[in-house]
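Notes follow once the structure below has been shown.
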Amino acid sequence: MTSTINMQDIRYLNLFEKMTRVQTRYCFKYNEFIIFCVPKHLVSAAIGEQGMNIKRMSEILRRRIKVIPTPDGVAHLRQFIEAIISPLRFKDLSVNDNEIILTAGSQSKAALIGRNKRRLLEMQKIMKDYFNRDFRII
């Protein structure tokens, strides 16, 4: 990941580390969620027993929180996108040299793009930061 982080993201990361005792460097916003990427073996530790860490953090920040596993390259791209956009579904995913193309049905496509293309722009930024590839929905 080669993106710059702002002071607000640093605050989120520090709070996440203090509350969960799990260190991560990846935090982004998508669809009013704050999403933290942690190594796969630490996801349950970050969430806490019965989700207590996430519940407390959500109450403090007054935002919804998700914890997802950090992708291990393009091989785990499908699981990464499914975790971000859940509960929405998509039909197919294809990866070209420098482009990721997501195929979705009409209802899912509208939800993935969002009003004024807000969700599409957020997802494009995430894919550019993590995989250095462009993102399209068809």
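Ordered as shown in the structure tokens, chains take letters A, B, and onward, while each chain numbers its residues from 1 and ligands are numbered from 1 in the order shown.
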
Tell me, counting only C-alpha atoms, for each residue of region 8-65 of chain A within 10 Å of region 76-85 of chain A, which pair of atoms is nearest and how far apart they are in Å to one decimal, in rows ordered by chain and increasing number, as JSON lines.
{"residue": "A:Lys29", "atom": "CA", "partner": "A:Ile84", "partner_atom": "CA", "distance": 9.9}
{"residue": "A:Tyr30", "atom": "CA", "partner": "A:Ile84", "partner_atom": "CA", "distance": 7.6}
{"residue": "A:Asn31", "atom": "CA", "partner": "A:Ile85", "partner_atom": "CA", "distance": 8.6}
{"residue": "A:Phe33", "atom": "CA", "partner": "A:Ile84", "partner_atom": "CA", "distance": 9.3}
{"residue": "A:Ile35", "atom": "CA", "partner": "A:Ile84", "partner_atom": "CA", "distance": 7.8}
{"residue": "A:Cys37", "atom": "CA", "partner": "A:Phe80", "partner_atom": "CA", "distance": 9.6}

When you count only C-alpha atoms, which of these residues is closest to Thr4 (chain A): A:Ile47, A:Ala104, A:Leu88, A:Ile126?
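Under the stated criterion, the closest residue is A:Ile126.
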
Closest of A:Ile137, A:Arg115, A:Phe36, A:Tyr130 to Thr103 (chain A) - atom-to-atom distances counting only C-alpha atoms
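When distances to Thr103 (chain A) are compared using only C-alpha atoms, the smallest one comes from A:Ile137.
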
Distance CA of Ile101 (chain A)-CA of Met127 (chain A), one decimal place?
11.0 Å

Quick one: residues within 9 Å of region 15-28 of chain A, only C-alpha atoms counted, chain neighbours fewer than 4 positions away excluded, as a PyMOL selection string?
chain A and resi 1+5+9-11+33-39+42-43+45-48+53-54+56-57+70+126

Could you pull out the strand (DSSP E) residues of region 1-137 of chain A from DSSP and send them as a ChimeraX atom specification?
/A:26-30,33-38,64-69,92-95,99-103,134-137

Produce a file of the selected residues containing N, CA and C atoms, as a PDB file, in the first residue's frame.
ATOM      1  N   TYR A  26      -3.267  -0.288   8.178  1.00  0.00           N
ATOM      2  CA  TYR A  26      -4.225  -0.099   7.097  1.00  0.00           C
ATOM      3  C   TYR A  26      -5.607   0.240   7.633  1.00  0.00           C
ATOM      4  N   CYS A  27      -6.088   1.396   7.243  1.00  0.00           N
ATOM      5  CA  CYS A  27      -7.380   1.882   7.666  1.00  0.00           C
ATOM      6  C   CYS A  27      -7.942   2.721   6.526  1.00  0.00           C
ATOM      7  N   PHE A  28      -9.215   2.520   6.196  1.00  0.00           N
ATOM      8  CA  PHE A  28      -9.837   3.346   5.160  1.00  0.00           C
ATOM      9  C   PHE A  28     -11.325   3.436   5.425  1.00  0.00           C
ATOM     10  N   LYS A  29     -11.977   4.334   4.709  1.00  0.00           N
ATOM     11  CA  LYS A  29     -13.406   4.544   4.868  1.00  0.00           C
ATOM     12  C   LYS A  29     -14.116   4.076   3.610  1.00  0.00           C
ATOM     13  N   TYR A  30     -15.237   3.355   3.808  1.00  0.00           N
ATOM     14  CA  TYR A  30     -16.085   2.941   2.693  1.00  0.00           C
ATOM     15  C   TYR A  30     -17.517   2.859   3.192  1.00  0.00           C
ATOM     16  N   PHE A  33     -18.448   3.296   6.824  1.00  0.00           N
ATOM     17  CA  PHE A  33     -17.753   2.378   7.720  1.00  0.00           C
ATOM     18  C   PHE A  33     -16.298   2.812   7.827  1.00  0.00           C
ATOM     19  N   ILE A  34     -15.693   2.536   8.953  1.00  0.00           N
ATOM     20  CA  ILE A  34     -14.247   2.618   9.073  1.00  0.00           C
ATOM     21  C   ILE A  34     -13.769   1.173   9.060  1.00  0.00           C
ATOM     22  N   ILE A  35     -12.936   0.842   8.087  1.00  0.00           N
ATOM     23  CA  ILE A  35     -12.512  -0.540   7.899  1.00  0.00           C
ATOM     24  C   ILE A  35     -11.033  -0.653   8.226  1.00  0.00           C
ATOM     25  N   PHE A  36     -10.711  -1.615   9.091  1.00  0.00           N
ATOM     26  CA  PHE A  36      -9.331  -1.887   9.466  1.00  0.00           C
ATOM     27  C   PHE A  36      -8.925  -3.225   8.871  1.00  0.00           C
ATOM     28  N   CYS A  37      -7.729  -3.270   8.269  1.00  0.00           N
ATOM     29  CA  CYS A  37      -7.192  -4.519   7.715  1.00  0.00           C
ATOM     30  C   CYS A  37      -6.112  -5.019   8.665  1.00  0.00           C
ATOM     31  N   VAL A  38      -6.305  -6.244   9.153  1.00  0.00           N
ATOM     32  CA  VAL A  38      -5.327  -6.853  10.051  1.00  0.00           C
ATOM     33  C   VAL A  38      -4.942  -8.212   9.481  1.00  0.00           C
ATOM     34  N   ARG A  64     -19.671   3.096  12.326  1.00  0.00           N
ATOM     35  CA  ARG A  64     -19.664   1.645  12.243  1.00  0.00           C
ATOM     36  C   ARG A  64     -18.258   1.180  11.862  1.00  0.00           C
ATOM     37  N   ILE A  65     -17.850   0.047  12.428  1.00  0.00           N
ATOM     38  CA  ILE A  65     -16.488  -0.459  12.270  1.00  0.00           C
ATOM     39  C   ILE A  65     -16.541  -1.849  11.647  1.00  0.00           C
ATOM     40  N   LYS A  66     -15.589  -2.138  10.751  1.00  0.00           N
ATOM     41  CA  LYS A  66     -15.401  -3.484  10.213  1.00  0.00           C
ATOM     42  C   LYS A  66     -13.932  -3.837  10.362  1.00  0.00           C
ATOM     43  N   VAL A  67     -13.661  -5.098  10.612  1.00  0.00           N
ATOM     44  CA  VAL A  67     -12.299  -5.619  10.640  1.00  0.00           C
ATOM     45  C   VAL A  67     -12.244  -6.734   9.607  1.00  0.00           C
ATOM     46  N   ILE A  68     -11.328  -6.605   8.649  1.00  0.00           N
ATOM     47  CA  ILE A  68     -11.202  -7.608   7.592  1.00  0.00           C
ATOM     48  C   ILE A  68      -9.751  -8.045   7.488  1.00  0.00           C
ATOM     49  N   PRO A  69      -9.510  -9.251   6.936  1.00  0.00           N
ATOM     50  CA  PRO A  69      -8.125  -9.708   6.776  1.00  0.00           C
ATOM     51  C   PRO A  69      -7.395  -8.941   5.677  1.00  0.00           C
ATOM     52  N   ASP A  92     -19.042 -11.445 -11.148  1.00  0.00           N
ATOM     53  CA  ASP A  92     -17.729 -11.889 -11.613  1.00  0.00           C
ATOM     54  C   ASP A  92     -16.695 -10.807 -11.355  1.00  0.00           C
ATOM     55  N   LEU A  93     -15.453 -11.236 -11.296  1.00  0.00           N
ATOM     56  CA  LEU A  93     -14.329 -10.327 -11.090  1.00  0.00           C
ATOM     57  C   LEU A  93     -13.227 -10.740 -12.040  1.00  0.00           C
ATOM     58  N   SER A  94     -12.721  -9.786 -12.809  1.00  0.00           N
ATOM     59  CA  SER A  94     -11.603 -10.095 -13.698  1.00  0.00           C
ATOM     60  C   SER A  94     -10.493  -9.081 -13.461  1.00  0.00           C
ATOM     61  N   VAL A  95      -9.263  -9.566 -13.521  1.00  0.00           N
ATOM     62  CA  VAL A  95      -8.093  -8.735 -13.278  1.00  0.00           C
ATOM     63  C   VAL A  95      -7.238  -8.741 -14.534  1.00  0.00           C
ATOM     64  N   GLU A  99      -5.949  -3.205 -14.432  1.00  0.00           N
ATOM     65  CA  GLU A  99      -7.347  -2.863 -14.225  1.00  0.00           C
ATOM     66  C   GLU A  99      -8.095  -4.024 -13.563  1.00  0.00           C
ATOM     67  N   ILE A 100      -8.970  -3.677 -12.654  1.00  0.00           N
ATOM     68  CA  ILE A 100      -9.844  -4.638 -11.992  1.00  0.00           C
ATOM     69  C   ILE A 100     -11.260  -4.328 -12.455  1.00  0.00           C
ATOM     70  N   ILE A 101     -11.946  -5.331 -13.024  1.00  0.00           N
ATOM     71  CA  ILE A 101     -13.292  -5.132 -13.549  1.00  0.00           C
ATOM     72  C   ILE A 101     -14.259  -6.011 -12.761  1.00  0.00           C
ATOM     73  N   LEU A 102     -15.261  -5.377 -12.188  1.00  0.00           N
ATOM     74  CA  LEU A 102     -16.264  -6.060 -11.388  1.00  0.00           C
ATOM     75  C   LEU A 102     -17.568  -6.094 -12.174  1.00  0.00           C
ATOM     76  N   THR A 103     -18.152  -7.270 -12.343  1.00  0.00           N
ATOM     77  CA  THR A 103     -19.427  -7.414 -13.041  1.00  0.00           C
ATOM     78  C   THR A 103     -20.502  -7.673 -12.003  1.00  0.00           C
ATOM     79  N   ASP A 134      -6.476   0.276 -11.574  1.00  0.00           N
ATOM     80  CA  ASP A 134      -7.734   0.980 -11.750  1.00  0.00           C
ATOM     81  C   ASP A 134      -8.894   0.030 -11.483  1.00  0.00           C
ATOM     82  N   PHE A 135     -10.054   0.592 -11.175  1.00  0.00           N
ATOM     83  CA  PHE A 135     -11.227  -0.208 -10.820  1.00  0.00           C
ATOM     84  C   PHE A 135     -12.427   0.278 -11.612  1.00  0.00           C
ATOM     85  N   ARG A 136     -13.177  -0.678 -12.205  1.00  0.00           N
ATOM     86  CA  ARG A 136     -14.404  -0.351 -12.944  1.00  0.00           C
ATOM     87  C   ARG A 136     -15.500  -1.340 -12.560  1.00  0.00           C
ATOM     88  N   ILE A 137     -16.740  -0.859 -12.674  1.00  0.00           N
ATOM     89  CA  ILE A 137     -17.908  -1.722 -12.473  1.00  0.00           C
ATOM     90  C   ILE A 137     -18.691  -1.727 -13.760  1.00  0.00           C
TER      91      ILE A 137
END

What is the distance, in Å and to one decimal place, between CA of Val74 (chain A) and CA of Ile138 (chain A)?
19.6 Å
